[in-house]
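Raw target-v5.cif, mmCIF, C-alpha atoms and all ligand atoms:
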```cif
data_entry
#
loop_
_atom_site.label_atom_id
_atom_site.label_comp_id
_atom_site.auth_asym_id
_atom_site.auth_seq_id
_atom_site.Cartn_x
_atom_site.Cartn_y
_atom_site.Cartn_z
CA MET L 11 -6.87 -0.54 0.62
CA PRO L 12 -9.84 -1.56 -1.49
CA SER L 13 -11.50 -4.90 -0.89
CA GLU L 14 -11.17 -7.94 -3.11
CA PRO L 15 -14.06 -8.77 -5.43
CA ASP L 16 -16.25 -11.75 -4.69
CA HIS L 17 -15.30 -13.35 -8.02
CA GLU L 18 -11.90 -14.80 -8.97
CA THR L 19 -9.49 -13.09 -11.30
CA THR L 20 -6.91 -15.19 -13.10
CA SER L 21 -4.31 -12.61 -14.00
CA ASP L 22 -1.39 -11.51 -11.89
CA PRO L 23 -1.52 -7.75 -11.38
CA ASN L 24 1.94 -7.72 -9.80
CA SER L 25 4.03 -8.76 -12.79
CA GLY L 26 5.96 -5.51 -13.04
CA VAL L 27 3.06 -3.60 -14.58
CA ASN L 28 3.11 -1.05 -11.75
CA LYS L 29 6.09 0.43 -13.62
CA LEU L 30 3.94 1.19 -16.68
CA PRO L 31 4.38 4.74 -17.95
CA ARG L 32 1.39 7.03 -17.56
CA PRO L 33 0.47 7.19 -21.30
CA ALA L 34 0.38 3.37 -21.38
CA VAL L 35 -1.96 3.34 -18.39
CA GLY L 36 -4.17 5.84 -20.19
CA ARG L 37 -4.27 3.61 -23.27
CA LEU L 38 -5.08 0.53 -21.18
CA SER L 39 -8.04 2.40 -19.78
CA LEU L 40 -9.26 3.16 -23.32
CA TYR L 41 -8.75 -0.48 -24.39
CA PHE L 42 -10.72 -1.55 -21.32
CA ARG L 43 -13.64 0.70 -22.24
CA GLU L 44 -13.73 -0.57 -25.85
CA LEU L 45 -13.40 -4.21 -24.78
CA HIS L 46 -16.35 -3.85 -22.42
CA ARG L 47 -18.42 -2.34 -25.20
CA LEU L 48 -17.52 -5.14 -27.62
CA ALA L 49 -18.27 -7.81 -25.01
CA ASP L 50 -21.69 -6.21 -24.50
CA GLN L 51 -22.23 -6.59 -28.25
CA GLY L 52 -21.41 -10.30 -28.05
CA GLU L 53 -17.92 -10.13 -29.59
CA THR L 54 -15.41 -12.70 -28.31
CA HIS L 55 -12.07 -11.92 -30.02
CA LEU L 56 -10.28 -9.03 -31.64
CA ASN L 57 -6.80 -8.36 -32.98
CA SER L 58 -4.35 -5.54 -32.34
CA LYS L 59 -5.28 -3.79 -35.59
CA GLN L 60 -8.96 -3.66 -34.64
CA LEU L 61 -8.27 -2.54 -31.08
CA GLY L 62 -5.77 0.05 -32.29
CA ALA L 63 -8.28 1.46 -34.77
CA LEU L 64 -10.86 1.88 -31.99
CA VAL L 65 -8.59 4.06 -29.86
CA ASP L 66 -6.49 5.53 -32.66
CA VAL L 67 -3.12 3.96 -31.91
CA SER L 68 -1.01 1.70 -34.10
CA PRO L 69 -1.27 -2.11 -33.87
CA ALA L 70 2.39 -2.20 -32.80
CA VAL L 71 1.67 0.01 -29.78
CA VAL L 72 -1.33 -2.16 -28.85
CA ARG L 73 0.82 -5.29 -29.05
CA ARG L 74 3.56 -3.71 -26.94
CA ASP L 75 1.06 -2.52 -24.29
CA LEU L 76 -0.64 -5.89 -24.10
CA SER L 77 2.57 -7.88 -24.07
CA SER L 78 3.65 -5.83 -21.03
CA LEU L 79 0.71 -7.50 -19.28
CA GLY L 80 1.98 -10.87 -20.42
CA THR L 81 -0.76 -11.18 -23.03
CA ILE L 82 0.13 -12.45 -26.48
CA GLY L 83 -2.49 -12.54 -29.22
CA ARG L 84 -2.79 -15.65 -31.37
CA ARG L 85 -2.17 -15.22 -35.06
CA GLY L 86 -5.40 -15.40 -37.00
CA VAL L 87 -7.51 -15.41 -33.82
CA GLY L 88 -6.39 -12.33 -31.92
CA TYR L 89 -7.02 -11.76 -28.23
CA PRO L 90 -9.89 -13.27 -26.26
CA ILE L 91 -11.92 -10.27 -25.11
CA ASP L 92 -13.00 -11.70 -21.75
CA LYS L 93 -9.46 -12.63 -20.68
CA LEU L 94 -8.02 -9.34 -21.85
CA THR L 95 -10.70 -7.32 -20.06
CA GLU L 96 -10.01 -9.23 -16.89
CA GLN L 97 -6.25 -8.70 -17.13
CA ILE L 98 -6.46 -5.00 -17.87
CA GLY L 99 -9.10 -4.58 -15.17
CA ALA L 100 -6.77 -6.20 -12.64
CA VAL L 101 -3.91 -3.88 -13.59
CA LEU L 102 -6.12 -0.80 -13.42
CA GLY L 103 -7.60 -1.82 -10.10
CA SER L 104 -11.05 -2.36 -11.58
CA GLY L 105 -11.04 -5.94 -10.39
CA LEU L 106 -11.13 -4.46 -6.89
CA GLN L 107 -13.90 -2.63 -5.10
CA TRP L 108 -12.95 1.00 -4.47
CA GLN L 109 -14.91 3.04 -1.97
CA VAL L 110 -15.16 6.59 -3.29
CA ILE L 111 -16.43 9.82 -1.77
CA LEU L 112 -17.25 13.06 -3.54
CA VAL L 113 -16.68 16.53 -2.10
CA GLY L 114 -18.61 19.45 -3.61
CA VAL L 115 -22.08 18.72 -4.92
CA GLY L 116 -22.46 21.61 -7.37
CA SER L 117 -23.21 21.34 -11.10
CA LEU L 118 -20.35 18.93 -11.70
CA GLY L 119 -20.66 16.93 -8.48
CA ASP L 120 -24.40 16.52 -9.06
CA ALA L 121 -23.78 15.08 -12.53
CA LEU L 122 -21.07 12.73 -11.25
CA LEU L 123 -23.36 11.39 -8.52
CA ARG L 124 -26.00 10.61 -11.16
CA TYR L 125 -23.52 8.86 -13.46
CA ARG L 126 -24.08 5.10 -13.43
CA GLY L 127 -20.83 4.12 -15.17
CA PHE L 128 -18.51 4.04 -12.14
CA GLU L 129 -20.02 1.05 -10.36
CA ARG L 130 -19.32 -1.49 -13.09
CA LEU L 131 -15.64 -0.54 -13.00
CA GLY L 132 -15.49 -1.18 -9.26
CA PHE L 133 -15.87 2.41 -8.03
CA ARG L 134 -18.63 2.68 -5.44
CA LEU L 135 -19.71 6.18 -4.40
CA VAL L 136 -20.40 5.82 -0.69
CA ALA L 137 -20.95 9.43 0.43
CA ALA L 138 -20.91 13.01 -0.74
CA PHE L 139 -20.09 16.19 1.20
CA ASP L 140 -21.08 19.81 0.78
CA LEU L 141 -21.35 22.92 2.92
CA ALA L 142 -24.62 24.29 1.51
CA PRO L 143 -27.47 23.78 4.01
CA GLY L 144 -29.93 23.19 1.15
CA LYS L 145 -27.96 20.14 -0.02
CA ILE L 146 -27.01 18.49 3.28
CA GLY L 147 -29.27 15.54 4.13
CA LYS L 148 -30.45 15.09 0.52
CA GLN L 149 -29.66 12.14 -1.72
CA ILE L 150 -28.54 12.28 -5.36
CA GLY L 151 -28.17 9.12 -7.41
CA GLY L 152 -28.76 7.14 -4.22
CA VAL L 153 -25.79 8.79 -2.47
CA SER L 154 -26.36 10.76 0.76
CA ILE L 155 -24.94 14.25 1.08
CA TRP L 156 -23.30 14.97 4.43
CA ASN L 157 -22.17 18.19 6.04
CA ALA L 158 -18.59 18.86 4.90
CA ALA L 159 -17.90 20.44 8.30
CA THR L 160 -18.20 16.96 9.83
CA MET L 161 -16.32 15.22 7.03
CA THR L 162 -13.34 14.08 9.12
CA GLY L 163 -15.51 12.05 11.51
CA LYS L 164 -17.50 10.53 8.67
CA LEU L 165 -14.33 9.56 6.81
CA ALA L 166 -13.01 7.79 9.90
CA GLU L 167 -16.24 5.78 9.91
CA LEU L 168 -16.29 4.99 6.17
CA SER L 169 -12.54 4.63 5.45
CA PRO L 170 -12.94 5.40 1.74
CA ASP L 171 -10.06 4.73 -0.66
CA LEU L 172 -10.52 7.56 -3.13
CA ALA L 173 -12.06 11.04 -3.27
CA ILE L 174 -13.44 13.07 -6.14
CA LEU L 175 -12.88 16.75 -5.56
CA ALA L 176 -15.43 19.05 -7.20
CA VAL L 177 -15.24 22.15 -5.00
CA PRO L 178 -14.47 25.72 -6.14
CA VAL L 179 -10.80 26.29 -6.91
CA ASP L 180 -10.16 28.38 -3.79
CA GLN L 181 -11.32 25.48 -1.60
CA ALA L 182 -9.45 22.70 -3.35
CA ALA L 183 -6.13 22.76 -1.47
CA VAL L 184 -7.67 23.00 1.98
CA VAL L 185 -10.20 20.22 1.34
CA ALA L 186 -7.46 18.07 -0.20
CA ALA L 187 -5.31 18.58 2.91
CA ASP L 188 -8.25 17.40 5.07
CA LEU L 189 -8.64 14.33 2.85
CA VAL L 190 -4.94 13.52 3.11
CA ALA L 191 -5.05 13.91 6.90
CA ALA L 192 -8.01 11.52 6.93
CA GLY L 193 -5.87 8.92 5.14
CA ILE L 194 -7.39 8.97 1.64
CA SER L 195 -5.21 7.11 -0.89
CA GLY L 196 -6.02 9.08 -4.02
CA ILE L 197 -7.79 12.22 -5.21
CA LEU L 198 -9.38 12.92 -8.58
CA ASN L 199 -9.29 16.69 -8.69
CA PHE L 200 -11.61 18.63 -11.00
CA ALA L 201 -10.76 22.07 -9.61
CA PRO L 202 -8.57 23.97 -12.08
CA THR L 203 -5.45 23.91 -9.95
CA THR L 204 -2.58 21.45 -9.82
CA LEU L 205 -2.72 19.91 -6.37
CA ARG L 206 0.59 18.94 -4.90
CA LEU L 207 0.16 16.77 -1.88
CA PRO L 208 2.69 15.43 0.54
CA GLY L 209 3.25 11.77 1.24
CA SER L 210 1.86 8.87 -0.67
CA THR L 211 -1.50 10.31 -1.76
CA ALA L 212 -1.95 9.93 -5.51
CA VAL L 213 -3.53 12.79 -7.43
CA VAL L 214 -4.98 13.00 -10.90
CA ASN L 215 -5.87 16.52 -11.94
CA VAL L 216 -8.64 16.73 -14.54
CA ASP L 217 -8.70 20.17 -16.10
CA LEU L 218 -11.49 20.19 -18.65
CA ALA L 219 -10.78 23.76 -19.80
CA SER L 220 -7.17 22.92 -20.49
CA GLU L 221 -8.26 19.82 -22.43
CA LEU L 222 -10.45 22.13 -24.55
CA GLN L 223 -7.43 24.33 -25.14
CA ARG L 224 -5.44 21.31 -26.28
CA LEU L 225 -8.28 20.42 -28.61
CA ALA L 226 -8.44 23.95 -30.02
CA PHE L 227 -4.67 23.86 -30.53
CA SER L 228 -4.93 20.56 -32.42
CA VAL L 229 -7.73 21.90 -34.60
CA GLN L 230 -5.75 25.06 -35.35
CA ASN L 231 -2.60 23.12 -36.21
CA ARG L 232 -4.09 20.37 -38.35
N1 LIG H 301 -19.19 22.27 -14.01
C1 LIG H 301 -18.27 21.97 -14.91
O1 LIG H 301 -18.56 21.55 -16.08
C2 LIG H 301 -16.81 22.10 -14.60
C3 LIG H 301 -15.93 21.97 -15.64
C4 LIG H 301 -14.58 22.06 -15.38
C5 LIG H 301 -14.14 22.27 -14.10
N2 LIG H 301 -15.02 22.44 -13.09
C6 LIG H 301 -14.47 22.68 -11.76
O2 LIG H 301 -15.06 21.77 -10.85
C7 LIG H 301 -15.30 22.41 -9.61
C8 LIG H 301 -16.79 22.36 -9.32
O3 LIG H 301 -17.49 23.01 -10.35
P1 LIG H 301 -19.06 23.27 -10.28
O4 LIG H 301 -19.43 23.88 -11.56
O5 LIG H 301 -19.74 22.04 -9.83
O6 LIG H 301 -19.11 24.38 -9.10
P2 LIG H 301 -20.36 24.76 -8.20
O7 LIG H 301 -20.06 26.13 -7.68
O8 LIG H 301 -21.63 24.50 -8.92
O9 LIG H 301 -20.26 23.71 -7.01
C9 LIG H 301 -19.29 23.71 -6.01
C10 LIG H 301 -19.90 23.04 -4.79
O10 LIG H 301 -18.89 22.92 -3.80
C11 LIG H 301 -19.47 23.24 -2.54
N3 LIG H 301 -18.40 23.63 -1.65
C12 LIG H 301 -17.75 24.82 -1.55
N4 LIG H 301 -16.80 24.76 -0.63
C13 LIG H 301 -16.83 23.51 -0.11
C14 LIG H 301 -16.09 22.84 0.88
N5 LIG H 301 -15.08 23.45 1.54
N6 LIG H 301 -16.41 21.57 1.17
C15 LIG H 301 -17.41 20.93 0.51
N7 LIG H 301 -18.16 21.51 -0.44
C16 LIG H 301 -17.86 22.80 -0.76
C17 LIG H 301 -20.47 24.34 -2.86
O11 LIG H 301 -21.45 24.45 -1.85
C18 LIG H 301 -21.05 23.84 -4.18
O12 LIG H 301 -22.17 22.99 -3.98
C19 LIG H 301 -14.80 23.83 -9.75
O13 LIG H 301 -13.49 23.91 -9.26
C20 LIG H 301 -14.82 24.06 -11.25
O14 LIG H 301 -13.88 25.01 -11.66
C21 LIG H 301 -16.33 22.37 -13.32
#
```

Whole structure given in structure tokens:
Amino acid sequence: MPSEPDHETTSDPNSGVNKLPRPAVGRLSLYFRELHRLADQGETHLNSKQLGALVDVSPAVVRRDLSSLGTIGRRGVGYPIDKLTEQIGAVLGSGLQWQVILVGVGSLGDALLRYRGFERLGFRLVAAFDLAPGKIGKQIGGVSIWNAATMTGKLAELSPDLAILAVPVDQAAVVAADLVAAGISGILNFAPTTLRLPGSTAVVNVDLASELQRLAFSVQNR
């Protein structure tokens, strides 16, 4: 499991919120992003109408989502941004430090390794793996690339929590099975296939092409 942060959090992440439906978790993540941005701009409070407008949901839905965390806004004042960010962060696991590895350092993996936005949310990329001899031993974004053929031994040493999978689609299932066998807790899968894994390994499949299709559908059916 991920390690605790070296600062205190005041909210209780175990107050039944692990039963939140998936769309609500998705919305919390969007609220979290907007709250961070507002805090960076020096804002201290906002109300459900303002937060709803930022992520395109109704104020009633915002209030319901936030009350499920035990957070009630004050009339005329709204929600304190720092407290809310902390509470949502605790629910989403961003108050913890997650050790993350990446497998497949191609076009997508390369870009993800260079992205600086993961660290502030508590996701630390600790190693990357690839099979291409030209990539092994290099560093991208400060992360070392190791030989994927030796991944199992390296994972035993690092004990990462999560893996990002950015290998070609025909490799995804076999690499995922290796990750599960190595005890990884969750996989963020970018390969365009729906991974179904045994046991308690969590999977989120990110299919960018299918998201584009959804977008095209929405545009067509406006
Ligand atoms: N690039 C994008 O914008 C994008 C968008 C949507 C989805 N995807 C999906 O993400 C995945 C990666 O895409 P990409 O464009 O980076 O591909 P890519 O071909 O550029 O990179 C794949 C990398 O995986 C490595 N690899 C192959 N087999 C491996 C294994 N068994 N273990 C470790 N590394 C291995 C290859 O050496 C290569 O470096 C693909 O499944 C692709 O369909 C990519």

How would you report the residues lying within 7 Å of ligand LIG 301 (chain H), as an NGL selection string, if you count all atoms listed in the file? :L and (113-119 or 139-142 or 158 or 176-179 or 181 or 185 or 200-202 or 217-219)

I'd like the neighbourhood of Gly99 (chain L) as a ChimeraX atom specification, where a residue qualifies if any of its atoms comes within 9 Å (using only C-alpha atoms), though same-chain residues fewer than 6 positions away should be ignored. /L:38-39,42,105-106,131

When you count only C-alpha atoms, which of these residues is closest to Arg74 (chain L): L:Leu56, L:Leu45, L:Arg224, L:Leu30? L:Leu30

L:Lys148, L:Arg130, L:Arg232, L:Arg124: which is nearest Arg43 (chain L), counting only C-alpha atoms?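 The shortest atom-to-atom distance to Arg43 (chain L) comes from L:Arg130.
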
For a test of reading the model, state the distance in Å between CA of Glu129 (chain L) and CA of Ser169 (chain L), rounded to one decimal.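 These two atoms are separated by 17.9 Å.
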
Can you work out the spacing between CA of Thr204 (chain L) and CA of Ala183 (chain L) in Å, to one decimal? 9.2 Å

Atomic distance CA of Val65 (chain L) - CA of Gly80 (chain L), expressed in Å with one decimal: 20.6 Å

Counting only C-alpha atoms, select every polymer residue within 12 Å of (-10.5, 1.0, -24.5) as defined in the file's coordinates, and provide the selection as JSON, numbers by chain. {"L": [34, 35, 36, 37, 38, 39, 40, 41, 42, 43, 44, 45, 46, 47, 48, 49, 58, 60, 61, 62, 63, 64, 65, 66, 67, 72, 91, 94, 95, 98, 99]}

For Asp171 (chain L), which of L:Ala137, L:Ile111, L:Val213, L:Ile146 is the closest residue, counting only C-alpha atoms?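 Selected residue with least distance to Asp171 (chain L): L:Ile111.
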
Top pick for closest residue to Asn157 (chain L), considering L:Leu112, L:Ala191, L:Val229, L:Val101 and counting all atoms listed in the file: L:Leu112

Tell me, as a list in words, which residues lie within 7 Å of Gly88 (chain L), counting only C-alpha atoms; anything in the same chain fewer than 3 positions away does not count.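 In the requested format, the answer is His55, Leu56, Asn57, Gly83, Arg84 and Arg85 of chain L.
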
I'd like the box whose edges run along x, y and z of the file and which contains every listed atom of region 159-177 of chain L, padded by 8 Å per side; could you state its centre and edge lengths in Å, one decimal, as AutoDock Vina command-line options?
```
--center_x -14.1 --center_y 13.4 --center_z 2.2 --size_x 24.1 --size_y 33.5 --size_z 34.7
```

Skip Ala173 (chain L) itself and residues of its chain fewer than 3 positions away, then list as a ChimeraX atom specification all residues within 10 Å of it, counting all atoms listed in the file. /L:109-113,135,137-138,170,176,186,189-190,194-199,213

Filtering to C-alpha atoms, could you give me those residues as a CSV table (one decimal), keeping the file's coordinate frame?
```csv
chain,number,residue,atom,x,y,z
L,109,GLN,CA,-14.9,3.0,-2.0
L,110,VAL,CA,-15.2,6.6,-3.3
L,111,ILE,CA,-16.4,9.8,-1.8
L,112,LEU,CA,-17.2,13.1,-3.5
L,113,VAL,CA,-16.7,16.5,-2.1
L,135,LEU,CA,-19.7,6.2,-4.4
L,137,ALA,CA,-21.0,9.4,0.4
L,138,ALA,CA,-20.9,13.0,-0.7
L,170,PRO,CA,-12.9,5.4,1.7
L,176,ALA,CA,-15.4,19.0,-7.2
L,186,ALA,CA,-7.5,18.1,-0.2
L,189,LEU,CA,-8.6,14.3,2.8
L,190,VAL,CA,-4.9,13.5,3.1
L,194,ILE,CA,-7.4,9.0,1.6
L,195,SER,CA,-5.2,7.1,-0.9
L,196,GLY,CA,-6.0,9.1,-4.0
L,197,ILE,CA,-7.8,12.2,-5.2
L,198,LEU,CA,-9.4,12.9,-8.6
L,199,ASN,CA,-9.3,16.7,-8.7
L,213,VAL,CA,-3.5,12.8,-7.4
```

With N, CA and C atoms as the target, complete region 70-99 of chain L and hand it back as a PDB file, in the frame of the given file.
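Output contents, as saved in rebuild.pdb:
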```pdb
ATOM      1  N   ALA L  70       1.137  -1.883 -33.498  1.00  0.00           N
ATOM      2  CA  ALA L  70       2.390  -2.200 -32.800  1.00  0.00           C
ATOM      3  C   ALA L  70       2.343  -1.712 -31.355  1.00  0.00           C
ATOM      4  N   VAL L  71       1.780  -0.525 -31.161  1.00  0.00           N
ATOM      5  CA  VAL L  71       1.670   0.010 -29.780  1.00  0.00           C
ATOM      6  C   VAL L  71       0.722  -0.856 -28.956  1.00  0.00           C
ATOM      7  N   VAL L  72      -0.387  -1.271 -29.570  1.00  0.00           N
ATOM      8  CA  VAL L  72      -1.330  -2.160 -28.850  1.00  0.00           C
ATOM      9  C   VAL L  72      -0.606  -3.430 -28.435  1.00  0.00           C
ATOM     10  N   ARG L  73       0.128  -4.021 -29.361  1.00  0.00           N
ATOM     11  CA  ARG L  73       0.820  -5.290 -29.050  1.00  0.00           C
ATOM     12  C   ARG L  73       1.840  -5.095 -27.931  1.00  0.00           C
ATOM     13  N   ARG L  74       2.553  -3.958 -27.982  1.00  0.00           N
ATOM     14  CA  ARG L  74       3.560  -3.710 -26.940  1.00  0.00           C
ATOM     15  C   ARG L  74       2.871  -3.529 -25.569  1.00  0.00           C
ATOM     16  N   ASP L  75       1.780  -2.747 -25.556  1.00  0.00           N
ATOM     17  CA  ASP L  75       1.060  -2.520 -24.290  1.00  0.00           C
ATOM     18  C   ASP L  75       0.551  -3.843 -23.718  1.00  0.00           C
ATOM     19  N   LEU L  76      -0.025  -4.654 -24.596  1.00  0.00           N
ATOM     20  CA  LEU L  76      -0.640  -5.890 -24.100  1.00  0.00           C
ATOM     21  C   LEU L  76       0.405  -6.921 -23.726  1.00  0.00           C
ATOM     22  N   SER L  77       1.545  -6.903 -24.433  1.00  0.00           N
ATOM     23  CA  SER L  77       2.570  -7.880 -24.070  1.00  0.00           C
ATOM     24  C   SER L  77       3.188  -7.516 -22.718  1.00  0.00           C
ATOM     25  N   SER L  78       3.137  -6.209 -22.349  1.00  0.00           N
ATOM     26  CA  SER L  78       3.650  -5.830 -21.030  1.00  0.00           C
ATOM     27  C   SER L  78       2.774  -6.404 -19.915  1.00  0.00           C
ATOM     28  N   LEU L  79       1.575  -6.824 -20.252  1.00  0.00           N
ATOM     29  CA  LEU L  79       0.710  -7.500 -19.280  1.00  0.00           C
ATOM     30  C   LEU L  79       0.907  -9.017 -19.336  1.00  0.00           C
ATOM     31  N   GLY L  80       1.766  -9.435 -20.260  1.00  0.00           N
ATOM     32  CA  GLY L  80       1.980 -10.870 -20.420  1.00  0.00           C
ATOM     33  C   GLY L  80       0.950 -11.498 -21.338  1.00  0.00           C
ATOM     34  N   THR L  81       0.291 -10.670 -22.157  1.00  0.00           N
ATOM     35  CA  THR L  81      -0.760 -11.180 -23.030  1.00  0.00           C
ATOM     36  C   THR L  81      -0.287 -11.188 -24.481  1.00  0.00           C
ATOM     37  N   ILE L  82      -0.275 -12.334 -25.082  1.00  0.00           N
ATOM     38  CA  ILE L  82       0.130 -12.450 -26.480  1.00  0.00           C
ATOM     39  C   ILE L  82      -1.086 -12.900 -27.292  1.00  0.00           C
ATOM     40  N   GLY L  83      -1.378 -12.151 -28.363  1.00  0.00           N
ATOM     41  CA  GLY L  83      -2.490 -12.540 -29.220  1.00  0.00           C
ATOM     42  C   GLY L  83      -2.114 -13.721 -30.097  1.00  0.00           C
ATOM     43  N   ARG L  84      -3.083 -14.517 -30.481  1.00  0.00           N
ATOM     44  CA  ARG L  84      -2.790 -15.650 -31.370  1.00  0.00           C
ATOM     45  C   ARG L  84      -3.055 -15.262 -32.804  1.00  0.00           C
ATOM     46  N   ARG L  85      -2.068 -15.577 -33.651  1.00  0.00           N
ATOM     47  CA  ARG L  85      -2.170 -15.220 -35.060  1.00  0.00           C
ATOM     48  C   ARG L  85      -3.459 -15.802 -35.657  1.00  0.00           C
ATOM     49  N   GLY L  86      -4.187 -14.946 -36.339  1.00  0.00           N
ATOM     50  CA  GLY L  86      -5.400 -15.400 -37.000  1.00  0.00           C
ATOM     51  C   GLY L  86      -6.622 -15.404 -36.084  1.00  0.00           C
ATOM     52  N   VAL L  87      -6.393 -15.376 -34.780  1.00  0.00           N
ATOM     53  CA  VAL L  87      -7.510 -15.410 -33.820  1.00  0.00           C
ATOM     54  C   VAL L  87      -7.592 -14.099 -33.046  1.00  0.00           C
ATOM     55  N   GLY L  88      -6.432 -13.563 -32.698  1.00  0.00           N
ATOM     56  CA  GLY L  88      -6.390 -12.330 -31.920  1.00  0.00           C
ATOM     57  C   GLY L  88      -6.442 -12.616 -30.428  1.00  0.00           C
ATOM     58  N   TYR L  89      -6.967 -11.657 -29.688  1.00  0.00           N
ATOM     59  CA  TYR L  89      -7.020 -11.760 -28.230  1.00  0.00           C
ATOM     60  C   TYR L  89      -8.436 -12.140 -27.784  1.00  0.00           C
ATOM     61  N   PRO L  90      -8.556 -13.015 -26.795  1.00  0.00           N
ATOM     62  CA  PRO L  90      -9.890 -13.270 -26.260  1.00  0.00           C
ATOM     63  C   PRO L  90     -10.337 -12.064 -25.414  1.00  0.00           C
ATOM     64  N   ILE L  91     -11.488 -11.529 -25.735  1.00  0.00           N
ATOM     65  CA  ILE L  91     -11.920 -10.270 -25.110  1.00  0.00           C
ATOM     66  C   ILE L  91     -12.129 -10.426 -23.600  1.00  0.00           C
ATOM     67  N   ASP L  92     -12.709 -11.563 -23.185  1.00  0.00           N
ATOM     68  CA  ASP L  92     -13.000 -11.700 -21.750  1.00  0.00           C
ATOM     69  C   ASP L  92     -11.709 -11.743 -20.922  1.00  0.00           C
ATOM     70  N   LYS L  93     -10.726 -12.496 -21.403  1.00  0.00           N
ATOM     71  CA  LYS L  93      -9.460 -12.630 -20.680  1.00  0.00           C
ATOM     72  C   LYS L  93      -8.726 -11.295 -20.617  1.00  0.00           C
ATOM     73  N   LEU L  94      -8.727 -10.618 -21.768  1.00  0.00           N
ATOM     74  CA  LEU L  94      -8.020  -9.340 -21.850  1.00  0.00           C
ATOM     75  C   LEU L  94      -8.662  -8.302 -20.929  1.00  0.00           C
ATOM     76  N   THR L  95      -9.981  -8.271 -20.928  1.00  0.00           N
ATOM     77  CA  THR L  95     -10.700  -7.320 -20.060  1.00  0.00           C
ATOM     78  C   THR L  95     -10.352  -7.591 -18.608  1.00  0.00           C
ATOM     79  N   GLU L  96     -10.303  -8.854 -18.266  1.00  0.00           N
ATOM     80  CA  GLU L  96     -10.010  -9.230 -16.890  1.00  0.00           C
ATOM     81  C   GLU L  96      -8.588  -8.801 -16.502  1.00  0.00           C
ATOM     82  N   GLN L  97      -7.645  -9.045 -17.421  1.00  0.00           N
ATOM     83  CA  GLN L  97      -6.250  -8.700 -17.130  1.00  0.00           C
ATOM     84  C   GLN L  97      -6.044  -7.194 -17.006  1.00  0.00           C
ATOM     85  N   ILE L  98      -6.624  -6.458 -17.941  1.00  0.00           N
ATOM     86  CA  ILE L  98      -6.460  -5.000 -17.870  1.00  0.00           C
ATOM     87  C   ILE L  98      -7.171  -4.467 -16.634  1.00  0.00           C
ATOM     88  N   GLY L  99      -8.343  -5.004 -16.359  1.00  0.00           N
ATOM     89  CA  GLY L  99      -9.100  -4.580 -15.170  1.00  0.00           C
ATOM     90  C   GLY L  99      -8.288  -4.796 -13.903  1.00  0.00           C
TER      91      GLY L  99
END
```
